[in-house]
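*Asks:* Structure in structure tokens, see below.
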There are 6 protein chains.
Amino acid sequence: MFAHNKRLQYTVRVSESNPGLANLMLEQFGGPQGELAAACRYFTQAIGEDDPGRKDMLFDIATEELSHLEVIGNIVVMLNKGAKGRLAEGVEEEGEIYRSITGAGNDSHLTQVLYGGGPPLTNSGGVPWSAAYIDTIGEPTADLRSNIAAEARAKIIYERLINLTTDPGVKEALGFLMTREVAHQKSFEKALYSITPNFPPGKLPGRPEFSSVYYDMSQGGPEVNGPWNSGPDWNVVSDREQQVAVGGGDGHASVNVTPDEDTTLAQMAARTASDPSKDPTTGAELGMGASPQAGSKPH
Amino acid sequence: MFAHNKRLQYTVRVSESNPGLANLMLEQFGGPQGELAAACRYFTQAIGEDDPGRKDMLFDIATEELSHLEVIGNIVVMLNKGAKGRLAEGVEEEGEIYRSITGAGNDSHLTQVLYGGGPPLTNSGGVPWSAAYIDTIGEPTADLRSNIAAEARAKIIYERLINLTTDPGVKEALGFLMTREVAHQKSFEKALYSITPNFPPGKLPGRPEFSSVYYDMSQGGPEVNGPWNSGPDWNVVSDREQQVAVGGGDGHASVNVTPDEDTTLAQMAARTASDPSKDPTTGAELGMGASPQAGSKPH
Amino acid sequence: MFAHNKRLQYTVRVSESNPGLANLMLEQFGGPQGELAAACRYFTQAIGEDDPGRKDMLFDIATEELSHLEVIGNIVVMLNKGAKGRLAEGVEEEGEIYRSITGAGNDSHLTQVLYGGGPPLTNSGGVPWSAAYIDTIGEPTADLRSNIAAEARAKIIYERLINLTTDPGVKEALGFLMTREVAHQKSFEKALYSITPNFPPGKLPGRPEFSSVYYDMSQGGPEVNGPWNSGPDWNVVSDREQQVAVGGGDGHASVNVTPDEDTTLAQMAARTASDPSKDPTTGAELGMGASPQAGSKPH
Amino acid sequence: MFAHNKRLQYTVRVSESNPGLANLMLEQFGGPQGELAAACRYFTQAIGEDDPGRKDMLFDIATEELSHLEVIGNIVVMLNKGAKGRLAEGVEEEGEIYRSITGAGNDSHLTQVLYGGGPPLTNSGGVPWSAAYIDTIGEPTADLRSNIAAEARAKIIYERLINLTTDPGVKEALGFLMTREVAHQKSFEKALYSITPNFPPGKLPGRPEFSSVYYDMSQGGPEVNGPWNSGPDWNVVSDREQQVAVGGGDGHASVNVTPDEDTTLAQMAARTASDPSKDPTTGAELGMGASPQAGSKPH
Amino acid sequence: MFAHNKRLQYTVRVSESNPGLANLMLEQFGGPQGELAAACRYFTQAIGEDDPGRKDMLFDIATEELSHLEVIGNIVVMLNKGAKGRLAEGVEEEGEIYRSITGAGNDSHLTQVLYGGGPPLTNSGGVPWSAAYIDTIGEPTADLRSNIAAEARAKIIYERLINLTTDPGVKEALGFLMTREVAHQKSFEKALYSITPNFPPGKLPGRPEFSSVYYDMSQGGPEVNGPWNSGPDWNVVSDREQQVAVGGGDGHASVNVTPDEDTTLAQMAARTASDPSKDPTTGAELGMGASPQAGSKPH
Amino acid sequence: MFAHNKRLQYTVRVSESNPGLANLMLEQFGGPQGELAAACRYFTQAIGEDDPGRKDMLFDIATEELSHLEVIGNIVVMLNKGAKGRLAEGVEEEGEIYRSITGAGNDSHLTQVLYGGGPPLTNSGGVPWSAAYIDTIGEPTADLRSNIAAEARAKIIYERLINLTTDPGVKEALGFLMTREVAHQKSFEKALYSITPNFPPGKLPGRPEFSSVYYDMSQGGPEVNGPWNSGPDWNVVSDREQQVAVGGGDGHASVNVTPDEDTTLAQMAARTASDPSKDPTTGAELGMGASPQAGSKPH
């Protein structure tokens, strides 16, 4: 069960209204790498998890991410504060509101006109948050790697937001939030490596004849090799002919069909067959003004 | 530039038509963890990458994933082959087609009615593929971690598909595809650790006072600690009061507003103020058939 | 800030595994009328709200909805428990897993294959949750009405789920959750009617000549009038001619364009003009095998 | 059946081209609170409705909303008129078109480049309209409340658009459209309260022990009570311990599993168990350049 | 302006309830090729169109498609009629409702549980309708081709639905709707070819050196040529080397950057450089239980 | 199988960084009419196609579209090159980065903050690419028409991008890409007309009594007739009464329900009946401050 404390995990002190900056901050509120995504990711994993240690950790971090969502949401609300009343009360001179809405830049017009200055669960481009952002699949050796990557991405987005902000209070709060992503990544790393073995993920082993092959599929320029495709563990296949039908066979797809299925397929094939021996007049030729008299002609 | 070879990277031999199984296979064709997601992920990273070694690797793997997309697509097409002509040619007895479409199970009806038995870029639930599945952000120390996680997830989904298939040709091809995800994960791991340092990701260091703190946010039951929150590196904060306003201050959000902004906000507040001292009759009370005569009454 | 208690707000006792029922329960986990939608709706309103009483109420209810999300999520997880290990460990006989996955019905195959038996933030059809479900616009006289309606909808979906469940523990927990929606609706009703006046919502008055008109736009059958279009307050307009251009003018749209704009528009009009005086041969006629010789002929 | 009259329900007179303003108007064309949403909402309810009076009303209002969609669409088209030919005919001086497209602000570039100046069914941020905006569930005591709320929201968005427009013809037409939302809300209110009782919505009564409880979930600051949580009808529960497991039991979730299920779950648990007694070296430590020699060490 | 007639364009006579069939019919109600898509497509084109003849035609057909949407919606409602009351009133014996909901097949459970038996604007897989289905771009020589194709697709989906239905009343109404798509396609064909020339679409001519080249990009198997790549108009390029950098140059992408930009790019490159000369220990190796002592070693 | 050549199909030479222009170019990278849509469209058709000639053609063109995706992606990357390092390295003076991000216009802020200057699979408004853009249905007489239309649309979007660009290298590359759409349209036209007959698409003939009727549904203004509704082939129906129930019957929808179903429907009707004879006090009246004492009153 959740409980709420009216105080924030981190005090938010914003210098002045700035709807354009507020819009960029939405990236960490309702954006793909933002705090709602983080909270939902860990919360749903926690519910589904059976391992007691991981379950506890996932609830700890999910709850903290919810608290971060509240912090970044308050930053958005404070940055929009000055603009909020303007459109609602309609008190300014002719054209002033339109200029202020259009001039703040980015997609801040959407926050004002559609959301009334409140914090919408969209990214900075106005795209509504989607659970399609969450890549949990219910297997810890995969999900923990997904969590590690998610924390790395969130850390970077905070870093970019810090770089483009000059408001010291905003910078400070963002610095706290960014640092917590680093701490969470460390916890998820520990949890992953506490499962042994954890690679390859899951249970089924790979087919050994394909697990150390590197197919050199991009050619025609200088090749810069590295440990990802060279050294004793790798078998590099560059010959184009050896990249095809690598398990044998003719490289084509086949299926056994029943005689009834075969009959129907033949009917469909006949009905939709293209006759490659004719050169038919087409709509494009009609459209060019080409003489359609030629009709269907052999070539 | 891409070139295409008419033969597949892996020969596909399907025993018999099975539209229900075809529908489940879509998970790796147009699903969130599928091959289109993989190909798009690495291809767009390759274009944006400046490091010559990583760029080459990303093009190599992107091109192979496109080739895998072709393999899994051919499995779908073969499994649907027998059903394909039936609806198009409409030759069966009354009601037979409806029964076969409904009886195959899963969401295979969608593949038949909307997509004509072809391979749609949807998951096994019929949800169209979305670029929202791709989490690339243009920073290699984050993107490589995302790639590692993506390969781990794809490996698991293949493992599940293998477990529920009995067709030996399908099992074999899926085994090849699953193994390649293991190989790709190994390459991305090597590429990540070839960047030193790569943790924390990005450039800005964290704030040291918050980078080794573990906030114990979920309480009220047995705590199972592990290396993710115990040991010399961690400072665990369990006291609820110390989890609030951790950087000092009153735990509230504030902003400086101009006098004009203040006036408008006051107007809006007055217009929308709720009066907590009255107990108004509500629509719900009207709806219950409660006497509305009471009107607005103090309490 | 949020805190988490390891115990649920309501104890969940499920009789036996039932993945098909689990799938239907997702409607209240990640569906449009479900608990995530409720929690996000009230939480974002709470952050943006300035009125102290409403802000407190919104945080109270948002936090409870998060706790309900946890309860319904646990119901999903318990109902999937038996199926969870089967696909992950792959231990059953040939074909058994496929039959169990396909036979559970609904879209439960998606929960198993893509989500590993965990609780995904999708509805019962597999559609990922979207913030497009949230209709908050930042004006309390509108948002409170939206909340009232949202609670009414959630109550009904719980009622339907109760009607189709026979598991007594599930029925009991759903009954608790359903009842809480009723209580929340009552609170939102009180909060709405504590704002006076609250109708029309917002600040601008309507244009009086149009605010009590009822346009009878659907005709040609028996008319059943009611208080929504009859009585002294309503002015019913049934004459089709009086439904057009109701504010005067010619009923057409116009704009003043500059001479330069006019020139360009004329160019575009000339380039794309259709000549209604000719009867051109078309692609459809070619496609029917009609003789194209006729070419463009006047009629 | 529908019929169309070439004249609009309200004459549209626009002073001059303004693509930036056109873009904001899209909010009521293809936005979540716009006229397409309204028309689709009432039209689908009308088809599904069996009550003759409500059915007629829903068709009346759906048809009017379609006519409003036409009015707002014409406003968009007129505001874009001057810009429409420019890009299509490409007649201006070098760089002029780019400047005009970029300079209009908002997301008007999308309307020009992708939609050729026509009226797209998107909101002002370019997000395509989605039926996910429609919350109809087929129960009139819920749907009518949803309609009331939808009209309130639409009224507010029109109010905001009026406040930011200075074009008198646009202001006048928007005033008409806004007023009609007020009239429609009145009709839906009458229709709701014509059903007795209509609260609680639906058929099942709530569990009385939970229907008048108010859980005070947000604490730690000044509490402002109001009629939504105080007075004789409410039982306020503030004690944290009494907010947990409110129906009794241990606050945990349980399910009975079969012995076979239990065996498989144990297998999965063993395979994915995390060992909390070790402190493993992690990828993050490798990434920091920390010495990996320490390996897996007890602590 | 629109007007509504209470009678349908085509009388709907359904033999008996069939929720599974109802679900499939949704494909033409809220599916990508369905009637809402058609109506929205032509209606928005009509508003934006300046050519008087085409504008009139587009309004004629848009209005008819709205009337078709009403017909297909009524088919859905009639097929769901019997099931509608069951879940709402909850009167059946224990477990009966669950069996009927699950047993109807397809995704009909969604129509019942979420939409109460009403006609939702989704496809037969439950995916909400999206304006992303509409491909109008505001240029008649493209839009008319899009309309021709859309009518062809809709015709086929109706054909498939007819093939799987045995209810004579449903078959008859679908036959009417299917035929009207044929008629509409004929009108759009005539409208397209009334614009001369209409190919290539738009205004800019192509670059002649590339407009009749056919790049043979797929090789390695039997080539079946046809009029799409052979005959006097086509210049087929099969030599792989001549398919690259076809306009000359080195086949690489370049841009001029300022010295400041160059400095920053160099910084970023240095920070994220991968060192291909080392073979670093990776997380995967740790995960396999491989000895991490080796550390970073040259190879 | 696919292979990759490190050189592009067309050399890209960009004069200088321009993030605003880069953002507009995304329309052809991840937009609905862009190259990913084209590649996915033809690739999935190719896999599902059985006709050897069409299959080969579809693979040829799909592969070329992938190569075009690479070209336009490189244009985006080059235009963003100068901005890429700035945010990542954070080296500029206070506030400079915010100004440059906000000032570039359009939605380029999203490319920078969320995607780090890489090429995201979104359109120019930031909306992620969706497979909902692809309208393939698995019937060649429909799909080829869809392809023809898709090429026409893509040609036009390139034309618009050319018109707003002044960079000669970008203009040249766009000219190549635009021309190839023309060539592809020609191929698809030839392929369509090689199937005889191809109209009406599919197999079922239309009902002759409805296939040449034109319903004049939009009236009340000047009618401009053209070959789409006049001439010997057309039967125009303008009489409103003859547009209704065109196949006979009463124009209403009906279904046979079982006695049990009837009973339940009657129960639901009674529970939700609206009483048109009363004028109930409503929530709106309460909200206006109207006296609620009046209660429910007859009128």
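By convention in this document, the chains of the structure tokens carry letters A, B, ... by their order, each chain's residues are numbered from 1, and ligands are numbered from 1 in the order they are shown.
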Quick check: residues of chain C within 8 Å of chain F, only C-alpha atoms, returned as a ChimeraX atom specification.
*Replies:* /C:193,196-200,224-227,231,275-280,284-289,299
*Asks:* Write out as a PyMOL selection string each polymer residue whose atoms come within 8 Å of region 142-144 of chain A, counting only C-alpha atoms; drop sequence neighbours fewer than 4 positions from it.
*Replies:* (chain A and resi 135-138+148+188-189+191-192+201-202) or (chain B and resi 149+152-153+156)
*Asks:* Give me a file of those residues, with N, CA, C and O atoms, as a PDB file, in the first residue's frame.
*Replies:*
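As written to disk, result.pdb reads:
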```
ATOM      1  N   ASP A 135       9.472  -2.109 -21.265  1.00  0.00           N
ATOM      2  CA  ASP A 135       9.917  -3.310 -21.969  1.00  0.00           C
ATOM      3  C   ASP A 135      10.059  -4.517 -21.042  1.00  0.00           C
ATOM      4  O   ASP A 135      10.739  -5.483 -21.396  1.00  0.00           O
ATOM      5  N   THR A 136       9.377  -4.494 -19.924  1.00  0.00           N
ATOM      6  CA  THR A 136       9.421  -5.618 -18.985  1.00  0.00           C
ATOM      7  C   THR A 136       8.821  -6.875 -19.620  1.00  0.00           C
ATOM      8  O   THR A 136       7.768  -6.808 -20.243  1.00  0.00           O
ATOM      9  N   ILE A 137       9.497  -8.032 -19.468  1.00  0.00           N
ATOM     10  CA  ILE A 137       8.971  -9.275 -20.037  1.00  0.00           C
ATOM     11  C   ILE A 137       8.848 -10.391 -19.007  1.00  0.00           C
ATOM     12  O   ILE A 137       8.518 -11.517 -19.346  1.00  0.00           O
ATOM     13  N   GLY A 138       9.139 -10.112 -17.751  1.00  0.00           N
ATOM     14  CA  GLY A 138       8.888 -11.113 -16.719  1.00  0.00           C
ATOM     15  C   GLY A 138       9.973 -12.163 -16.531  1.00  0.00           C
ATOM     16  O   GLY A 138       9.707 -13.223 -15.972  1.00  0.00           O
ATOM     17  N   ILE A 148      18.854  -1.522 -15.933  1.00  0.00           N
ATOM     18  CA  ILE A 148      20.171  -0.882 -15.987  1.00  0.00           C
ATOM     19  C   ILE A 148      20.232   0.108 -17.141  1.00  0.00           C
ATOM     20  O   ILE A 148      20.661   1.248 -16.988  1.00  0.00           O
ATOM     21  N   PHE A 188      20.678  -2.114  -9.423  1.00  0.00           N
ATOM     22  CA  PHE A 188      20.219  -3.110 -10.403  1.00  0.00           C
ATOM     23  C   PHE A 188      21.389  -3.960 -10.907  1.00  0.00           C
ATOM     24  O   PHE A 188      21.235  -5.147 -11.189  1.00  0.00           O
ATOM     25  N   GLU A 189      22.556  -3.344 -11.019  1.00  0.00           N
ATOM     26  CA  GLU A 189      23.737  -4.120 -11.421  1.00  0.00           C
ATOM     27  C   GLU A 189      24.030  -5.199 -10.375  1.00  0.00           C
ATOM     28  O   GLU A 189      24.273  -6.367 -10.706  1.00  0.00           O
ATOM     29  N   ALA A 191      21.970  -6.542  -8.321  1.00  0.00           N
ATOM     30  CA  ALA A 191      20.921  -7.570  -8.342  1.00  0.00           C
ATOM     31  C   ALA A 191      21.108  -8.522  -9.515  1.00  0.00           C
ATOM     32  O   ALA A 191      20.892  -9.731  -9.395  1.00  0.00           O
ATOM     33  N   LEU A 192      21.538  -7.999 -10.653  1.00  0.00           N
ATOM     34  CA  LEU A 192      21.744  -8.871 -11.814  1.00  0.00           C
ATOM     35  C   LEU A 192      22.862  -9.869 -11.547  1.00  0.00           C
ATOM     36  O   LEU A 192      22.728 -11.074 -11.781  1.00  0.00           O
ATOM     37  N   PRO A 201      20.945 -15.018 -20.890  1.00  0.00           N
ATOM     38  CA  PRO A 201      19.725 -14.870 -20.109  1.00  0.00           C
ATOM     39  C   PRO A 201      18.775 -16.030 -20.395  1.00  0.00           C
ATOM     40  O   PRO A 201      18.789 -16.589 -21.495  1.00  0.00           O
ATOM     41  N   GLY A 202      17.953 -16.371 -19.411  1.00  0.00           N
ATOM     42  CA  GLY A 202      16.984 -17.448 -19.595  1.00  0.00           C
ATOM     43  C   GLY A 202      17.591 -18.809 -19.352  1.00  0.00           C
ATOM     44  O   GLY A 202      18.612 -18.946 -18.672  1.00  0.00           O
TER      45      GLY A 202
ATOM     46  N   ALA B 149      20.346  -4.968 -23.321  1.00  0.00           N
ATOM     47  CA  ALA B 149      19.071  -5.370 -22.736  1.00  0.00           C
ATOM     48  C   ALA B 149      18.108  -5.851 -23.813  1.00  0.00           C
ATOM     49  O   ALA B 149      17.375  -6.837 -23.628  1.00  0.00           O
ATOM     50  N   ALA B 152      18.887  -9.344 -24.769  1.00  0.00           N
ATOM     51  CA  ALA B 152      18.481 -10.282 -23.723  1.00  0.00           C
ATOM     52  C   ALA B 152      16.974 -10.549 -23.806  1.00  0.00           C
ATOM     53  O   ALA B 152      16.519 -11.689 -23.683  1.00  0.00           O
ATOM     54  N   ARG B 153      16.191  -9.506 -24.027  1.00  0.00           N
ATOM     55  CA  ARG B 153      14.741  -9.696 -24.121  1.00  0.00           C
ATOM     56  C   ARG B 153      14.369 -10.535 -25.344  1.00  0.00           C
ATOM     57  O   ARG B 153      13.537 -11.441 -25.273  1.00  0.00           O
ATOM     58  N   ILE B 156      14.867 -14.212 -24.836  1.00  0.00           N
ATOM     59  CA  ILE B 156      13.842 -14.849 -24.004  1.00  0.00           C
ATOM     60  C   ILE B 156      12.556 -15.103 -24.796  1.00  0.00           C
ATOM     61  O   ILE B 156      11.949 -16.172 -24.678  1.00  0.00           O
TER      62      ILE B 156
END
```
*Asks:* Would you mind listing what lies within 7 Å of region 168-185 of chain D as a list of chain:residue names, with only C-alpha atoms counted and same-chain residues fewer than 2 positions away left out?
*Replies:*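 Residues near the query, excluding close chain neighbours: C:Pro200, C:Gly206, C:Arg207, C:Phe210, C:Ser211, C:Ser212, D:Tyr10, D:Val12, D:Arg13, D:Val14, D:Ser15, D:His68, D:Ile148, D:Glu151, D:Ala154, D:Lys155, D:Tyr158, D:Glu159, D:Ile162, D:Thr165, D:Thr166, D:Ser187, D:Phe188, D:Glu189.
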*Asks:* Leaving out Ala46 (chain F) and any residue of its chain fewer than 2 positions from it, which residues lie within 6 Å of it when counting only C-alpha atoms, given as a list of chain:residue names?
*Replies:* F:Tyr42, F:Phe43, F:Thr44, F:Gly48, F:Glu49, F:Lys55, F:Leu58, F:Phe59
*Asks:* Take the residues from that selection and write them out as a compact mmCIF listing (two decimals), in the first residue's frame, keeping all heavy atoms.
*Replies:*
```
# COMPACT_ATOMS: atom_id res chain seq x y z
N TYR F 42 6.63 -2.52 -48.86
CA TYR F 42 6.97 -3.41 -49.98
C TYR F 42 7.64 -4.70 -49.49
O TYR F 42 7.47 -5.75 -50.07
CB TYR F 42 7.84 -2.67 -51.01
CG TYR F 42 7.22 -1.36 -51.43
CD1 TYR F 42 7.96 -0.19 -51.56
CD2 TYR F 42 5.84 -1.27 -51.67
CE1 TYR F 42 7.38 1.01 -51.91
CE2 TYR F 42 5.24 -0.07 -52.02
CZ TYR F 42 6.02 1.06 -52.13
OH TYR F 42 5.42 2.26 -52.47
N PHE F 43 8.40 -4.57 -48.42
CA PHE F 43 9.08 -5.75 -47.89
C PHE F 43 8.07 -6.78 -47.39
O PHE F 43 8.17 -7.97 -47.68
CB PHE F 43 10.03 -5.31 -46.76
CG PHE F 43 10.66 -6.44 -46.01
CD1 PHE F 43 11.58 -7.27 -46.63
CD2 PHE F 43 10.35 -6.68 -44.68
CE1 PHE F 43 12.17 -8.32 -45.94
CE2 PHE F 43 10.93 -7.72 -43.98
CZ PHE F 43 11.85 -8.54 -44.62
N THR F 44 7.08 -6.33 -46.62
CA THR F 44 6.10 -7.29 -46.12
C THR F 44 5.24 -7.85 -47.26
O THR F 44 4.87 -9.02 -47.24
CB THR F 44 5.20 -6.68 -45.02
OG1 THR F 44 4.60 -5.48 -45.52
CG2 THR F 44 6.00 -6.35 -43.79
N GLY F 48 4.95 -11.98 -48.48
CA GLY F 48 3.66 -12.66 -48.59
C GLY F 48 3.24 -12.99 -50.02
O GLY F 48 2.28 -13.73 -50.23
N GLU F 49 3.94 -12.46 -51.00
CA GLU F 49 3.53 -12.60 -52.40
C GLU F 49 3.93 -13.96 -52.97
O GLU F 49 5.02 -14.44 -52.67
CB GLU F 49 4.19 -11.46 -53.21
CG GLU F 49 3.89 -11.43 -54.68
CD GLU F 49 2.41 -11.24 -54.97
OE1 GLU F 49 1.92 -10.10 -54.85
OE2 GLU F 49 1.74 -12.26 -55.30
N LYS F 55 6.83 -10.63 -56.82
CA LYS F 55 7.66 -10.84 -55.61
C LYS F 55 9.04 -10.23 -55.82
O LYS F 55 9.55 -9.51 -54.96
CB LYS F 55 7.77 -12.34 -55.34
CG LYS F 55 8.39 -12.70 -53.99
CD LYS F 55 8.47 -14.22 -53.81
CE LYS F 55 8.85 -14.62 -52.40
NZ LYS F 55 7.75 -14.60 -51.45
N LEU F 58 8.86 -6.43 -55.84
CA LEU F 58 8.66 -5.86 -54.50
C LEU F 58 9.93 -5.90 -53.68
O LEU F 58 10.24 -4.96 -52.93
CB LEU F 58 7.52 -6.62 -53.80
CG LEU F 58 6.12 -6.29 -54.33
CD1 LEU F 58 5.12 -7.38 -53.95
CD2 LEU F 58 5.64 -4.93 -53.84
N PHE F 59 10.72 -6.97 -53.81
CA PHE F 59 12.01 -7.01 -53.11
C PHE F 59 12.98 -5.97 -53.68
O PHE F 59 13.71 -5.32 -52.94
CB PHE F 59 12.63 -8.42 -53.18
CG PHE F 59 12.23 -9.32 -52.05
CD1 PHE F 59 11.64 -10.55 -52.31
CD2 PHE F 59 12.43 -8.94 -50.73
CE1 PHE F 59 11.26 -11.40 -51.26
CE2 PHE F 59 12.06 -9.79 -49.68
CZ PHE F 59 11.47 -11.02 -49.95
```
*Asks:* Which one of A:Glu139, A:Glu65, A:Asp50, A:Glu27 sits closest to Val127 (chain A) if you count only C-alpha atoms?
*Replies:*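 Closest to Val127 (chain A) of all the choices is A:Glu27.
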